[in-house]
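J.: Here it is: the structure, laid out below.
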Amino acid sequence: MSSCCSPRGRDNHTPGIAAAPQIFSLSVPSAQIPARELSEHAPPQLAQPLHGDAHIPAGTFSMGDPFDEGYPADGETPVHEVAISAFSVSTTAVSNTEFAAFVDATGYRTESETYGTSAVFHLAVQADKADILGTAAGTPWWLNVRGADWAHPAGPRSHWEEIANHPVTQVSHTDALAYCAWAGRTLPTEAQWEYAARGGLAASRYPWGNELHGADSDGVAVHHCNIWQGTFPTENTCDDGYLTTAPVDSFKPNAYGLFQTSGNVWEWCADWFLPKYYKSCLAKGTVENPPGPTIGRGRVMRGGSYLCHDSYCNRYRLAARSSNSPESASGNLGFRTVAL
């Protein structure tokens, strides 16, 4: 996996798969991390996300990469038919404001807070030099920063209130599930995510069509998503307006009303990640509401992030897939939710 996606920084507890090597020296061994429990005195659950839900009609679609542009190890092919029941999904990724409401209501502590460190992109760090504890192996643009967590996504000198309407980051898969349990929601399956992200467009590369950029009446490039411009990882020209995250409702939504299913932040899905899973789906013909494999190499991440660039990681395409261990977190990884 190209490590601009999200660095693997913690022990991998994926059933049936050998543990991935650690790239950070963490301050707290995983065995010492207590199980998270929601407060028994939590207030009533949120009825719906702050930015609302989109109703996604039932239908059948071709899941996977029809252009054969993906990384072979990601398992974006073969393209296979999937039938999805109707469901409702948040139009945006969960924002810092929404996650703060959860934390205020429950007293929940994220895994990054418990570990004491998390991964921050090198150009985004807001921390004293003493709080930068190391780099990811082979990818020095990822720094292990003490005090980086959801409330301080770029390090101790940053604060979520400065970017309240941006997506929450530095949250693990475990943290996302805890939020869902409180909100009475769930993470989307990978099939739900791709079906909704396509917005009804068949065999499309992006939520808006097949070309990355549009053009205005003067021929100036129009950006449809928040990804990297310039030379990765040293220079981002910020032609799309953002060095790191953008507000969750930036850019034009797709035809179903979903914002930023390409770029901005990676989004956790419910499924385990197994590259050969699509082959087993194809063998079954049209599969209905696939829940994903029962084992895998981490949990699925979808959508790409502000660090994606076609010179290094073109995973901002609709069919693109990636993964990380469930307890991992970084400054470009968030989630959206589905109504139960």
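Note on naming: chains are A, B, ... as they come in the structure tokens, residues start from 1 per chain, ligands start from 1 in the order shown.
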List every residue of region 93-291 of chain A that DSSP, applied to the backbone of this structure, places in helix (DSSP H, G or I), and write the result as an NGL selection string.

T.: :A and (96-106 or 111-115 or 122-124 or 129-131 or 160-163 or 173-183 or 190-198 or 277-283)

J.: Which residues are close to Tyr278 (chain A), i.e. within 9 Å by only C-alpha atoms, leaving aside same-chain residues fewer than 5 positions away? Reply as a ChimeraX atom specification.

T.: /A:63-64,75-80,283

J.: Using DSSP on the backbone coordinates, identify all residues within region 108-158 of chain A classified as strand (DSSP E or B); present the result as a PyMOL selection string.

T.: chain A and resi 117-121+132-136+139-146+149+152

J.: What's around region 160-174 of chain A at 9 Å? Count only C-alpha atoms, leave out sequence neighbours fewer than 6 positions away in its own chain, and write the answer as a PyMOL selection string.

T.: chain A and resi 36+92-100+110-112+118-120+148-153+245-249+264-265+268-270+299+324-335

J.: Using only C-alpha atoms, what does the table of region 149-205 of chain A residues within 8 Å of region 285-295 of chain A look like, with each row giving the shortest atom pair and its distance in Å to one decimal, sorted by chain and ascending number, as a tab-separated table?

T.:
```
residue	atom	partner	partner_atom	distance
A:Thr189	CA	A:Pro291	CA	6.3
A:Glu190	CA	A:Gly292	CA	7.3
A:Ala191	CA	A:Pro290	CA	6.7
A:Gln192	CA	A:Asn289	CA	7.8
```

J.: My list of candidates is A:Asp53, A:Asp104, A:Glu194, A:Asp65. Which is closest to Ser262 (chain A) when distances are computed with only C-alpha atoms?

T.: A:Glu194

J.: Using Å and a single decimal, report how far CA of Pro233 (chain A) sits from CA of Ala221 (chain A).

T.: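 Going from CA of Ala221 (chain A) over to CA of Pro233 (chain A), I get 22.0 Å.
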
J.: With only C-alpha atoms as the counted atoms, please give the residues lying no more than 10 Å from Ala127 (chain A), apart from itself and same-chain residues fewer than 4 positions off, as a list in words.

T.: Asp131, Ile132, Val145, Arg146, Gly147, Ala148, His152, Ala154, Gly155, Pro156, Arg157 and Ser158 of chain A

J.: Could you tell me how far CA of Lys276 (chain A) lies from CA of Gly296 (chain A), in Å and to one decimal?

T.: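 A separation of 9.9 Å between them.
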
J.: Could you tell me which of A:Trp193, A:Tyr256, A:Trp228, A:Tyr206 comes closest to Arg317 (chain A) if we count only C-alpha atoms?

T.: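 Nearest candidate to Arg317 (chain A) out of A:Trp193, A:Tyr256, A:Trp228, A:Tyr206: A:Tyr206.
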
J.: If we count only C-alpha atoms, what is near His55 (chain A) at a cut-off of 7 Å, once residues fewer than 4 positions away on the same chain are taken out, given as a PyMOL selection string?

T.: chain A and resi 87-89

J.: Produce a file of the selected residues containing N, CA and C atoms, as a short mmCIF file (atom, residue, chain, number, x, y, z; two decimals), in the first residue's frame.

T.:
```cif
data_model
loop_
_atom_site.label_atom_id
_atom_site.label_comp_id
_atom_site.auth_asym_id
_atom_site.auth_seq_id
_atom_site.Cartn_x
_atom_site.Cartn_y
_atom_site.Cartn_z
N PHE A 87 -31.16 2.42 1.40
CA PHE A 87 -30.63 2.80 2.71
C PHE A 87 -30.42 4.30 2.74
N SER A 88 -30.12 4.82 3.91
CA SER A 88 -29.84 6.25 4.08
C SER A 88 -28.44 6.42 4.64
N VAL A 89 -27.70 7.37 4.08
CA VAL A 89 -26.32 7.59 4.47
C VAL A 89 -26.10 9.09 4.67
#
```

J.: Find the distance between CA of Arg205 (chain A) and CA of Asp68 (chain A) and write it in Å to one decimal.

T.: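 Here the two named atoms are 10.6 Å from each other.
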
J.: Env of Ser85 (chain A): 8 Å cut, atoms = only C-alpha atoms, seq-sep filter 6 positions within chain, self excluded. Answer as number ranges by chain.

T.: A: 57-59, 289
